[in-house]
$ cat protein_29.pdb   # PDB, C-alpha atoms and all ligand atoms
ATOM      1  CA  GLY Q   1      14.113  -0.582  77.693
ATOM      2  CA  GLY Q   2      12.115   0.046  74.553
ATOM      3  CA  SER Q   3      11.733   3.780  75.178
ATOM      4  CA  TRP Q   4      14.680   4.895  73.065
ATOM      5  CA  LEU Q   5      13.460   2.685  70.215
ATOM      6  CA  ALA Q   6      10.068   4.339  70.501
ATOM      7  CA  ARG Q   7      11.785   7.729  70.325
ATOM      8  CA  LEU Q   8      13.797   6.660  67.300
ATOM      9  CA  ARG Q   9      10.617   5.414  65.655
ATOM     10  CA  LYS Q  10       8.810   8.624  66.456
ATOM     11  CA  GLY Q  11      11.738  10.666  65.170
ATOM     12  CA  LEU Q  12      12.082   8.704  61.971
ATOM     13  CA  ALA Q  13       8.325   8.797  61.432
ATOM     14  CA  ARG Q  14       8.850  12.462  60.563
ATOM     15  CA  THR Q  15      10.804  11.178  57.625
ATOM     16  CA  GLY Q  16       8.719  12.777  54.880
ATOM     17  CA  GLN Q  17       5.379  11.125  54.876
ATOM     18  CA  SER Q  18       5.930   8.229  57.239
ATOM     19  CA  ILE Q  19       7.030   5.468  54.906
ATOM     20  CA  GLY Q  20       5.063   2.878  56.835
ATOM     21  CA  GLY Q  21       1.875   4.870  56.269
ATOM     22  CA  LEU Q  22       2.124   4.336  52.515
ATOM     23  CA  PHE Q  23       1.266   0.662  52.928
ATOM     24  CA  VAL Q  24      -1.991   1.134  54.759
ATOM     25  CA  GLY Q  25      -5.113   0.151  52.830
ATOM     26  CA  VAL Q  26      -3.521   0.154  49.377
ATOM     27  CA  LYS Q  27      -3.091  -2.337  46.560
ATOM     28  CA  VAL Q  28       0.341  -3.511  45.474
ATOM     29  CA  ASP Q  29       0.677  -1.660  42.183
ATOM     30  CA  GLU Q  30       2.890   0.776  40.335
ATOM     31  CA  SER Q  31       1.624   3.785  42.265
ATOM     32  CA  LEU Q  32       2.769   2.224  45.557
ATOM     33  CA  PHE Q  33       6.288   1.902  44.143
ATOM     34  CA  GLU Q  34       6.172   5.488  42.911
ATOM     35  CA  GLU Q  35       5.139   6.752  46.320
ATOM     36  CA  LEU Q  36       7.868   4.697  47.962
ATOM     37  CA  GLU Q  37      10.401   6.183  45.591
ATOM     38  CA  THR Q  38       9.323   9.726  46.468
ATOM     39  CA  ALA Q  39       9.324   8.984  50.199
ATOM     40  CA  LEU Q  40      12.800   7.417  50.156
ATOM     41  CA  LEU Q  41      14.203  10.340  48.164
ATOM     42  CA  MET Q  42      12.585  12.814  50.554
ATOM     43  CA  ALA Q  43      14.126  10.914  53.447
ATOM     44  CA  ASP Q  44      17.506  11.583  51.832
ATOM     45  CA  ALA Q  45      18.255   7.974  50.969
ATOM     46  CA  GLY Q  46      19.724   9.288  47.707
ATOM     47  CA  VAL Q  47      19.224   8.028  44.168
ATOM     48  CA  GLU Q  48      21.552   4.997  44.308
ATOM     49  CA  ALA Q  49      20.111   3.509  47.490
ATOM     50  CA  THR Q  50      16.532   4.297  46.493
ATOM     51  CA  GLU Q  51      16.913   2.584  43.123
ATOM     52  CA  SER Q  52      18.714  -0.402  44.527
ATOM     53  CA  LEU Q  53      16.232  -0.880  47.392
ATOM     54  CA  LEU Q  54      13.245  -0.620  45.064
ATOM     55  CA  ALA Q  55      14.774  -2.976  42.478
ATOM     56  CA  ALA Q  56      15.324  -5.542  45.230
ATOM     57  CA  LEU Q  57      11.770  -4.979  46.466
ATOM     58  CA  ARG Q  58      10.251  -5.451  43.005
ATOM     59  CA  ALA Q  59      12.236  -8.654  42.552
ATOM     60  CA  ARG Q  60      11.087  -9.941  45.961
ATOM     61  CA  VAL Q  61       7.442  -9.087  45.243
ATOM     62  CA  LYS Q  62       7.636 -11.001  41.982
ATOM     63  CA  LYS Q  63       9.554 -13.997  43.284
ATOM     64  CA  ASP Q  64       7.427 -14.479  46.392
ATOM     65  CA  ARG Q  65       4.230 -13.396  44.613
ATOM     66  CA  LEU Q  66       3.444 -10.867  47.343
ATOM     67  CA  GLU Q  67      -0.084  -9.540  46.918
ATOM     68  CA  ASP Q  68      -0.633  -7.871  50.236
ATOM     69  CA  ALA Q  69       0.739  -4.397  51.004
ATOM     70  CA  SER Q  70       1.658  -5.488  54.527
ATOM     71  CA  GLN Q  71       3.811  -8.278  53.083
ATOM     72  CA  VAL Q  72       5.533  -5.756  50.843
ATOM     73  CA  ARG Q  73       6.184  -3.550  53.842
ATOM     74  CA  GLU Q  74       7.768  -6.481  55.666
ATOM     75  CA  ALA Q  75       9.862  -7.255  52.599
ATOM     76  CA  LEU Q  76      11.080  -3.632  52.424
ATOM     77  CA  ARG Q  77      12.019  -3.712  56.101
ATOM     78  CA  ASP Q  78      13.990  -6.861  55.478
ATOM     79  CA  ILE Q  79      15.709  -5.509  52.364
ATOM     80  CA  LEU Q  80      16.617  -2.246  54.115
ATOM     81  CA  ALA Q  81      18.004  -4.154  57.109
ATOM     82  CA  GLN Q  82      20.203  -6.189  54.749
ATOM     83  CA  HIS Q  83      21.269  -3.036  52.958
ATOM     84  CA  LEU Q  84      22.282  -1.361  56.259
ATOM     85  CA  ALA Q  85      23.879  -4.456  57.798
ATOM     86  CA  PRO Q  86      27.411  -3.690  56.531
ATOM     87  CA  LEU Q  87      27.344  -0.485  58.647
ATOM     88  CA  GLU Q  88      26.706  -2.450  61.836
ATOM     89  CA  LYS Q  89      29.828  -3.140  63.870
ATOM     90  CA  PRO Q  90      30.303  -3.453  67.629
ATOM     91  CA  PHE Q  91      32.770  -0.972  69.085
ATOM     92  CA  PRO Q  92      35.998  -2.857  69.977
ATOM     93  CA  LEU Q  93      36.471  -1.357  73.445
ATOM     94  CA  ASP Q  94      38.976  -4.020  74.484
ATOM     95  CA  ALA Q  95      41.088  -4.034  71.325
ATOM     96  CA  ALA Q  96      43.936  -2.173  73.058
ATOM     97  CA  LYS Q  97      44.773  -0.678  76.458
ATOM     98  CA  PRO Q  98      44.552   2.198  76.431
ATOM     99  CA  LEU Q  99      42.296   2.345  73.423
ATOM    100  CA  ILE Q 100      43.040   5.695  71.757
ATOM    101  CA  VAL Q 101      39.956   7.265  70.233
ATOM    102  CA  MET Q 102      40.114  10.489  68.244
ATOM    103  CA  ILE Q 103      36.772  12.232  67.811
ATOM    104  CA  ALA Q 104      35.967  14.790  65.131
ATOM    105  CA  GLY Q 105      32.868  16.603  63.948
ATOM    106  CA  VAL Q 106      31.699  20.052  62.934
ATOM    107  CA  ASN Q 107      30.445  22.364  65.698
ATOM    108  CA  GLY Q 108      26.889  21.634  66.707
ATOM    109  CA  ALA Q 109      26.918  18.027  65.505
ATOM    110  CA  GLY Q 110      26.703  16.765  69.078
ATOM    111  CA  LYS Q 111      30.355  15.925  69.663
ATOM    112  CA  THR Q 112      30.654  17.115  73.273
ATOM    113  CA  THR Q 113      27.352  15.517  74.245
ATOM    114  CA  SER Q 114      28.338  12.233  72.583
ATOM    115  CA  ILE Q 115      31.748  12.188  74.279
ATOM    116  CA  GLY Q 116      29.987  12.586  77.634
ATOM    117  CA  LYS Q 117      27.556   9.789  76.830
ATOM    118  CA  LEU Q 118      30.382   7.532  75.670
ATOM    119  CA  ALA Q 119      32.538   8.180  78.738
ATOM    120  CA  HIS Q 120      29.526   7.359  80.862
ATOM    121  CA  ALA Q 121      28.803   4.138  78.954
ATOM    122  CA  PHE Q 122      32.439   3.009  79.035
ATOM    123  CA  GLN Q 123      32.641   3.648  82.785
ATOM    124  CA  ALA Q 124      29.441   1.686  83.289
ATOM    125  CA  GLN Q 125      31.213  -1.221  81.568
ATOM    126  CA  GLY Q 126      34.042  -0.942  84.069
ATOM    127  CA  ALA Q 127      36.487   0.923  81.834
ATOM    128  CA  SER Q 128      38.445   3.912  83.131
ATOM    129  CA  VAL Q 129      38.298   6.910  80.830
ATOM    130  CA  LEU Q 130      40.594   9.843  80.216
ATOM    131  CA  LEU Q 131      39.540  12.793  78.082
ATOM    132  CA  ALA Q 132      41.675  15.238  76.132
ATOM    133  CA  ALA Q 133      40.150  18.674  75.536
ATOM    134  CA  GLY Q 134      41.574  19.072  72.055
ATOM    135  CA  ASP Q 135      39.281  21.906  71.047
ATOM    136  CA  THR Q 136      41.638  24.518  72.432
ATOM    137  CA  PHE Q 137      40.110  27.246  70.273
ATOM    138  CA  ARG Q 138      36.736  27.258  71.984
ATOM    139  CA  ALA Q 139      37.190  28.134  75.638
ATOM    140  CA  ALA Q 140      33.583  27.148  76.298
ATOM    141  CA  ALA Q 141      34.102  23.677  74.848
ATOM    142  CA  ARG Q 142      37.128  23.110  77.042
ATOM    143  CA  GLU Q 143      35.365  24.364  80.155
ATOM    144  CA  GLN Q 144      32.312  22.266  79.387
ATOM    145  CA  LEU Q 145      34.461  19.154  79.167
ATOM    146  CA  ILE Q 146      36.417  19.956  82.348
ATOM    147  CA  GLU Q 147      33.225  20.589  84.283
ATOM    148  CA  TRP Q 148      31.653  17.438  82.978
ATOM    149  CA  GLY Q 149      34.759  15.424  83.849
ATOM    150  CA  ALA Q 150      34.782  16.746  87.418
ATOM    151  CA  ARG Q 151      31.146  15.787  87.911
ATOM    152  CA  ASN Q 152      31.690  12.307  86.530
ATOM    153  CA  ASP Q 153      35.039  11.491  88.009
ATOM    154  CA  VAL Q 154      36.769  11.473  84.637
ATOM    155  CA  THR Q 155      40.219  13.016  84.262
ATOM    156  CA  VAL Q 156      40.326  15.712  81.609
ATOM    157  CA  ILE Q 157      43.638  16.804  80.130
ATOM    158  CA  ALA Q 158      43.324  20.435  79.085
ATOM    159  CA  GLN Q 159      45.610  23.369  78.555
ATOM    160  CA  GLU Q 160      44.463  26.852  77.745
ATOM    161  CA  GLY Q 161      45.807  28.152  74.453
ATOM    162  CA  ALA Q 162      47.942  25.060  73.886
ATOM    163  CA  ASP Q 163      48.527  23.359  70.567
ATOM    164  CA  PRO Q 164      45.719  20.766  70.281
ATOM    165  CA  ALA Q 165      48.199  18.155  69.049
ATOM    166  CA  ALA Q 166      50.304  18.716  72.178
ATOM    167  CA  VAL Q 167      47.242  18.206  74.382
ATOM    168  CA  ALA Q 168      46.484  14.967  72.519
ATOM    169  CA  PHE Q 169      50.099  13.840  72.919
ATOM    170  CA  ASP Q 170      50.016  14.517  76.672
ATOM    171  CA  ALA Q 171      46.692  12.738  77.032
ATOM    172  CA  VAL Q 172      47.930   9.584  75.331
ATOM    173  CA  ASN Q 173      50.984   9.509  77.586
ATOM    174  CA  ALA Q 174      48.895  10.224  80.696
ATOM    175  CA  GLY Q 175      46.475   7.463  79.692
ATOM    176  CA  ARG Q 176      49.360   5.042  79.394
ATOM    177  CA  ALA Q 177      50.946   6.097  82.681
ATOM    178  CA  ARG Q 178      47.652   5.763  84.559
ATOM    179  CA  GLY Q 179      46.642   2.499  82.969
ATOM    180  CA  ALA Q 180      43.428   3.979  81.551
ATOM    181  CA  HIS Q 181      41.281   1.739  79.370
ATOM    182  CA  VAL Q 182      40.170   4.464  76.983
ATOM    183  CA  VAL Q 183      41.589   7.847  75.984
ATOM    184  CA  MET Q 184      39.154  10.012  74.049
ATOM    185  CA  VAL Q 185      40.637  12.975  72.232
ATOM    186  CA  ASP Q 186      38.162  15.740  71.432
ATOM    187  CA  THR Q 187      39.026  18.011  68.498
ATOM    188  CA  ALA Q 188      37.845  21.358  67.176
ATOM    189  CA  GLY Q 189      34.847  21.557  64.889
ATOM    190  CA  ARG Q 190      35.755  24.911  63.456
ATOM    191  CA  LEU Q 191      38.907  27.036  63.571
ATOM    192  CA  PRO Q 192      39.736  30.711  63.413
ATOM    193  CA  THR Q 193      39.301  31.351  59.712
ATOM    194  CA  GLN Q 194      42.923  31.617  58.642
ATOM    195  CA  LEU Q 195      43.605  28.079  59.832
ATOM    196  CA  HIS Q 196      42.528  24.916  58.074
ATOM    197  CA  LEU Q 197      40.560  22.381  60.102
ATOM    198  CA  MET Q 198      41.633  19.342  58.065
ATOM    199  CA  GLU Q 199      45.325  20.232  58.407
ATOM    200  CA  GLU Q 200      44.823  20.619  62.142
ATOM    201  CA  LEU Q 201      43.109  17.212  62.395
ATOM    202  CA  LYS Q 202      45.797  15.515  60.300
ATOM    203  CA  LYS Q 203      48.412  16.903  62.630
ATOM    204  CA  ILE Q 204      46.591  15.651  65.730
ATOM    205  CA  ARG Q 205      46.269  12.219  64.148
ATOM    206  CA  ARG Q 206      49.956  12.189  63.288
ATOM    207  CA  VAL Q 207      51.049  13.301  66.741
ATOM    208  CA  ILE Q 208      48.826  10.713  68.456
ATOM    209  CA  GLY Q 209      50.554   8.195  66.193
ATOM    210  CA  LYS Q 210      53.922   9.345  67.483
ATOM    211  CA  ALA Q 211      52.883   9.057  71.129
ATOM    212  CA  GLN Q 212      51.239   5.774  70.491
ATOM    213  CA  GLY Q 213      53.651   4.034  68.147
ATOM    214  CA  ASP Q 214      51.155   3.760  65.340
ATOM    215  CA  ALA Q 215      47.904   5.702  64.915
ATOM    216  CA  PRO Q 216      44.756   6.260  66.948
ATOM    217  CA  HIS Q 217      42.961   2.914  67.239
ATOM    218  CA  GLU Q 218      39.648   4.529  66.426
ATOM    219  CA  VAL Q 219      38.888   7.732  64.556
ATOM    220  CA  LEU Q 220      35.249   8.711  64.938
ATOM    221  CA  LEU Q 221      33.211  11.333  63.139
ATOM    222  CA  VAL Q 222      30.131  12.680  64.891
ATOM    223  CA  ILE Q 223      27.467  13.699  62.395
ATOM    224  CA  ASP Q 224      24.095  15.351  62.868
ATOM    225  CA  GLY Q 225      21.369  13.046  61.560
ATOM    226  CA  ASN Q 226      19.481  16.086  60.267
ATOM    227  CA  THR Q 227      22.202  17.068  57.835
ATOM    228  CA  GLY Q 228      20.784  15.089  54.918
ATOM    229  CA  GLN Q 229      22.827  14.470  51.796
ATOM    230  CA  ASN Q 230      25.517  16.962  52.861
ATOM    231  CA  VAL Q 231      26.598  14.322  55.314
ATOM    232  CA  LEU Q 232      28.170  12.453  52.416
ATOM    233  CA  SER Q 233      30.603  15.240  51.524
ATOM    234  CA  GLN Q 234      31.318  15.728  55.220
ATOM    235  CA  ILE Q 235      32.226  12.059  55.670
ATOM    236  CA  ARG Q 236      34.314  12.117  52.486
ATOM    237  CA  ALA Q 237      36.313  15.154  53.589
ATOM    238  CA  PHE Q 238      37.026  13.880  57.110
ATOM    239  CA  ASP Q 239      37.759  10.375  55.847
ATOM    240  CA  ALA Q 240      40.296  11.705  53.342
ATOM    241  CA  ALA Q 241      42.052  13.704  56.059
ATOM    242  CA  ILE Q 242      42.013  11.367  59.053
ATOM    243  CA  GLN Q 243      40.879   7.895  57.838
ATOM    244  CA  LEU Q 244      37.696   7.361  59.803
ATOM    245  CA  THR Q 245      37.007   4.038  61.511
ATOM    246  CA  GLY Q 246      33.467   4.806  62.621
ATOM    247  CA  LEU Q 247      30.538   7.201  62.803
ATOM    248  CA  VAL Q 248      28.303   8.464  65.573
ATOM    249  CA  VAL Q 249      25.004   9.707  64.126
ATOM    250  CA  THR Q 250      23.175  12.064  66.495
ATOM    251  CA  LYS Q 251      19.689  13.563  66.774
ATOM    252  CA  LEU Q 252      17.872  10.657  65.156
ATOM    253  CA  ASP Q 253      15.075  11.265  67.655
ATOM    254  CA  GLY Q 254      13.832  14.187  65.611
ATOM    255  CA  THR Q 255      14.844  14.023  61.978
ATOM    256  CA  ALA Q 256      13.177  13.892  58.607
ATOM    257  CA  LYS Q 257      16.413  12.659  57.084
ATOM    258  CA  GLY Q 258      16.405   9.099  58.384
ATOM    259  CA  GLY Q 259      17.322   7.709  54.983
ATOM    260  CA  THR Q 260      20.810   9.203  54.986
ATOM    261  CA  LEU Q 261      22.353   6.042  56.364
ATOM    262  CA  ALA Q 262      20.972   4.122  53.375
ATOM    263  CA  ALA Q 263      22.949   6.513  51.173
ATOM    264  CA  VAL Q 264      26.086   5.911  53.265
ATOM    265  CA  ALA Q 265      25.604   2.133  52.993
ATOM    266  CA  ALA Q 266      25.183   2.473  49.213
ATOM    267  CA  GLY Q 267      28.469   4.373  48.948
ATOM    268  CA  SER Q 268      26.634   7.278  47.303
ATOM    269  CA  GLN Q 269      28.726  10.151  45.931
ATOM    270  CA  GLY Q 270      31.903   8.155  46.418
ATOM    271  CA  VAL Q 271      31.571   7.909  50.202
ATOM    272  CA  ARG Q 272      33.240   4.953  51.916
ATOM    273  CA  PRO Q 273      30.617   3.042  53.919
ATOM    274  CA  VAL Q 274      32.153   3.754  57.340
ATOM    275  CA  PRO Q 275      30.580   1.686  60.170
ATOM    276  CA  VAL Q 276      28.065   3.378  62.451
ATOM    277  CA  TYR Q 277      29.011   2.507  66.009
ATOM    278  CA  TRP Q 278      26.290   4.486  67.783
ATOM    279  CA  ILE Q 279      23.197   6.542  67.199
ATOM    280  CA  GLY Q 280      22.058   9.473  69.336
ATOM    281  CA  VAL Q 281      18.370   9.413  70.206
ATOM    282  CA  GLY Q 282      18.076  12.229  72.742
ATOM    283  CA  GLU Q 283      19.950  14.644  74.980
ATOM    284  CA  GLY Q 284      20.101  12.412  78.067
ATOM    285  CA  MET Q 285      23.102  10.442  79.278
ATOM    286  CA  HIS Q 286      21.635   7.127  78.151
ATOM    287  CA  ASP Q 287      20.434   8.329  74.789
ATOM    288  CA  LEU Q 288      23.270   6.830  72.807
ATOM    289  CA  GLN Q 289      22.643   3.338  71.498
ATOM    290  CA  PRO Q 290      24.600   0.881  69.404
ATOM    291  CA  PHE Q 291      23.489   0.929  65.781
ATOM    292  CA  VAL Q 292      21.550  -2.223  64.903
ATOM    293  CA  ALA Q 293      20.543  -2.384  61.234
ATOM    294  CA  ARG Q 294      17.392  -4.410  61.828
ATOM    295  CA  GLU Q 295      16.107  -2.102  64.556
ATOM    296  CA  PHE Q 296      16.857   0.941  62.458
ATOM    297  CA  ALA Q 297      15.062  -0.483  59.411
ATOM    298  CA  GLN Q 298      12.091  -1.353  61.562
ATOM    299  CA  ALA Q 299      11.976   2.148  63.035
ATOM    300  CA  LEU Q 300      12.251   3.760  59.602
ATOM    301  CA  ILE Q 301       9.709   1.657  57.756
ATOM    302  CA  GLY Q 302       7.373   1.403  60.762
TER     303      GLY Q 302
HETATM  304  P1  LIG H   1      29.203  20.028  69.538
HETATM  305  O1  LIG H   1      29.309  21.470  69.139
HETATM  306  O2  LIG H   1      29.393  19.128  68.361
HETATM  307  O3  LIG H   1      30.070  19.655  70.679
HETATM  308  O4  LIG H   1      27.665  19.813  69.946
HETATM  309  P2  LIG H   1      26.997  19.605  71.369
HETATM  310  O5  LIG H   1      27.416  18.303  71.962
HETATM  311  O6  LIG H   1      27.185  20.821  72.186
HETATM  312  O7  LIG H   1      25.477  19.427  70.935
HETATM  313  C1  LIG H   1      24.738  20.433  70.251
HETATM  314  C2  LIG H   1      23.255  20.321  70.661
HETATM  315  O8  LIG H   1      22.706  19.103  70.173
HETATM  316  C3  LIG H   1      23.056  20.296  72.157
HETATM  317  O9  LIG H   1      21.912  21.066  72.459
HETATM  318  C4  LIG H   1      22.798  18.828  72.458
HETATM  319  O10 LIG H   1      22.013  18.624  73.603
HETATM  320  C5  LIG H   1      22.082  18.373  71.218
HETATM  321  N1  LIG H   1      22.202  16.933  70.953
HETATM  322  C6  LIG H   1      23.327  16.197  70.854
HETATM  323  N2  LIG H   1      23.026  14.899  70.565
HETATM  324  C7  LIG H   1      21.675  14.818  70.487
HETATM  325  C8  LIG H   1      20.730  13.763  70.195
HETATM  326  O11 LIG H   1      21.059  12.592  69.942
HETATM  327  N3  LIG H   1      19.408  14.104  70.197
HETATM  328  C9  LIG H   1      18.981  15.363  70.457
HETATM  329  N4  LIG H   1      17.673  15.593  70.428
HETATM  330  N5  LIG H   1      19.828  16.372  70.712
HETATM  331  C10 LIG H   1      21.157  16.117  70.735
END

$ encode --input "protein_29.pdb" --output "C-alpha cells"
Amino acid sequence: GGSWLARLRKGLARTGQSIGGLFVGVKVDESLFEELETALLMADAGVEATESLLAALRARVKKDRLEDASQVREALRDILAQHLAPLEKPFPLDAAKPLIVMIAGVNGAGKTTSIGKLAHAFQAQGASVLLAAGDTFRAAAREQLIEWGARNDVTVIAQEGADPAAVAFDAVNAGRARGAHVVMVDTAGRLPTQLHLMEELKKIRRVIGKAQGDAPHEVLLVIDGNTGQNVLSQIRAFDAAIQLTGLVVTKLDGTAKGGTLAAVAAGSQGVRPVPVYWIGVGEGMHDLQPFVAREFAQALIG
C-alpha cells in the first residue's frame, strides 16, 4: 500500500526545511534558487549534486519558460529522479542458485534488521533462505539471528567463537547441499580493537570465493540514512575492500539527510555510484522497499 511511501515522505520532509515548502506562494526568482541551494546542502546532497541539479533546473526553467513555482517544483522532481535513476536496479534474486549474498555494515546501521526483512521477503517470493551468522564477535548478534531464524523457519549456520570466514564457508556449502535459493552471510560491524575490520571482510569474501568457485554474487553494504556525508567515506572504504554490488539504505523514515543519495549518484568525493537495492522505512518486517528513483524524488521534493 501507500503507507510506507507516506512514511518515507514524512521522514524526508524533515530534510532541513521541507524542500517542497520552498515553492509555496513564491515567485520564480534568484532567491528561490538560493533557498533551494541551501536546502539541498542541508539535506546532505553535497556540493557536486547540488550544483549539477540546480544548473539543470535553471536550464529547464529557461528552455521551457517556466514562470510558476509549482512548475519549477515539478521540474526539480523530474531532474532529481533522472539524477537518481542510475542507482535504481532490481535485485537479481534468480541470477544463481544458491545466490550468495555477503552483507556488511557498521554496527547500528540496521544490518540484522535488514537481513531479517530480506529473508522474509525472499521467502514470500518462494525462495528458501539460509543465513550465516558471520558476526562471531558479538554473541548477541549471533543469538539474535539464531532466534530469528527459529521463529521464521530459516536455517542459521552459527558457531560460537569460530572464524567468521569458516562459518561463511560452511554456510555456502550447506546452501549448496540443501538446494537453498539464497545464502546470506552476515558479517561483523566492529571488531575487537586489535583486529582490522576490512582485513576480516576481505578474508570472508575470499573464502566465500573458494567455496563458491568465484566470489559472492552480491556484496551489500547496509548504511544508516542518517549518516549524512560520512556515508561517502564509508561506501568508499567498504567498496575498496570487498567490491560492493549494492546498498541497503535504512532509517529513511526519520532522517534529515535525505539528499545523501543524490551525492552518491553524483559520485561525490570519489565514491562509486553503487546501486541502491532497497530502502528501510521502518522497523517492521515489511518496511524494506525496493529503491525507485521517481518515488524517492517525489518523496524528497514533496
Ligand atoms: P545492526 O547493528 O547493524 O545489526 O543494527 P540493527 O539491525 O540491530 O538495527 C539498529 C536499530 O535500528 C534497531 O533499533 C532497528 O530496529 C533500527 N532500524 C533498522 N532499520 C530501520 C529502519 O529502516 N527504520 C527505522 N526507523 N529503524 C530501523

$ residues_near_ligand --input "protein_29.pdb" --ligand "ligand LIG 1 (chain H)" --cutoff "10 Å" --atoms "all atoms listed in the file" --output "ChimeraX atom specification"
/Q:7-8,11,104-117,135,138,140-141,144-145,186-190,222-225,248-255,278-289

$ resolve_selection --input "protein_29.pdb" --expression "the PyMOL selection byres (((chain Q and resi 47-61) around 8) and not hetatm)" --output "ChimeraX atom specification"
/Q:33,37,40-41,45-46,62-67,72,75-76,79-80,83,262-263,265-266,268

$ resolve_selection --input "protein_29.pdb" --expression "the PyMOL selection byres (((chain Q and resi 161) around 9) and not hetatm)" --output "ChimeraX atom specification"
/Q:136-137,139,159-160,162-164

$ atom_distance --input "protein_29.pdb" --atom1 "CA of Gly259 in chain Q" --atom2 "CA of Val231 in chain Q"
11.4 Å

$ closest_atom_pairs --input "protein_29.pdb" --of "range 40-140 of chain Q" --to "range 17-21 of chain Q" --cutoff "10 Å" --atoms "only C-alpha atoms" --output "Markdown table"
| residue | atom | partner | partner_atom | distance |
| --- | --- | --- | --- | --- |
| Q:Leu40 | CA | Q:Ile19 | CA | 7.7 |
| Q:Met42 | CA | Q:Gln17 | CA | 8.6 |
| Q:Ala43 | CA | Q:Gln17 | CA | 8.9 |
| Q:Ser70 | CA | Q:Gly20 | CA | 9.3 |
| Q:Arg73 | CA | Q:Gly20 | CA | 7.2 |
| Q:Glu74 | CA | Q:Gly20 | CA | 9.8 |
| Q:Leu76 | CA | Q:Gly20 | CA | 9.9 |
| Q:Arg77 | CA | Q:Gly20 | CA | 9.6 |

$ atom_distance --input "protein_29.pdb" --atom1 "CA of Leu131 in chain Q" --atom2 "CA of Met184 in chain Q"
4.9 Å

$ closest_residue --input "protein_29.pdb" --among "Q:Ile103, Q:Ile146, Q:Leu130, Q:Ala174" --to "Thr245 in chain Q" --atoms "only C-alpha atoms"
Q:Ile103

$ closest_atom_pairs --input "protein_29.pdb" --of "range 125-191 of chain Q" --to "range 204-211 of chain Q" --cutoff "10 Å" --atoms "all atoms listed in the file" --output "tab-separated table"
residue	atom	partner	partner_atom	distance
Q:Gly134	CA	Q:Ile204	CA	8.8
Q:Asp163	CA	Q:Ile204	CA	9.3
Q:Pro164	CA	Q:Ile204	CA	6.9
Q:Ala165	CA	Q:Ile204	CA	4.5
Q:Ala166	CA	Q:Val207	CA	7.7
Q:Val167	CA	Q:Ile204	CA	9.0
Q:Ala168	CA	Q:Ile208	CA	6.3
Q:Phe169	CA	Q:Ile208	CA	5.6
Q:Asp170	CA	Q:Ala211	CA	8.3
Q:Ala171	CA	Q:Ile208	CA	9.1
Q:Val172	CA	Q:Ala211	CA	6.5
Q:Asn173	CA	Q:Ala211	CA	6.7
Q:Arg176	CA	Q:Ala211	CA	9.8
Q:Val185	CA	Q:Ile204	CA	9.2
Q:Thr187	CA	Q:Ile204	CA	8.4

$ closest_residue --input "protein_29.pdb" --among "Q:Ala241, Q:Ala69, Q:Ser233, Q:Leu12" --to "Lys203 in chain Q" --atoms "all atoms listed in the file"
Q:Ala241

$ atom_distance --input "protein_29.pdb" --atom1 "CA of Val101 in chain Q" --atom2 "CA of Glu218 in chain Q"
4.7 Å

$ closest_residue --input "protein_29.pdb" --among "Q:Asp68, Q:Gly302, Q:Pro90, Q:Leu191" --to "Val28 in chain Q" --atoms "only C-alpha atoms"
Q:Asp68
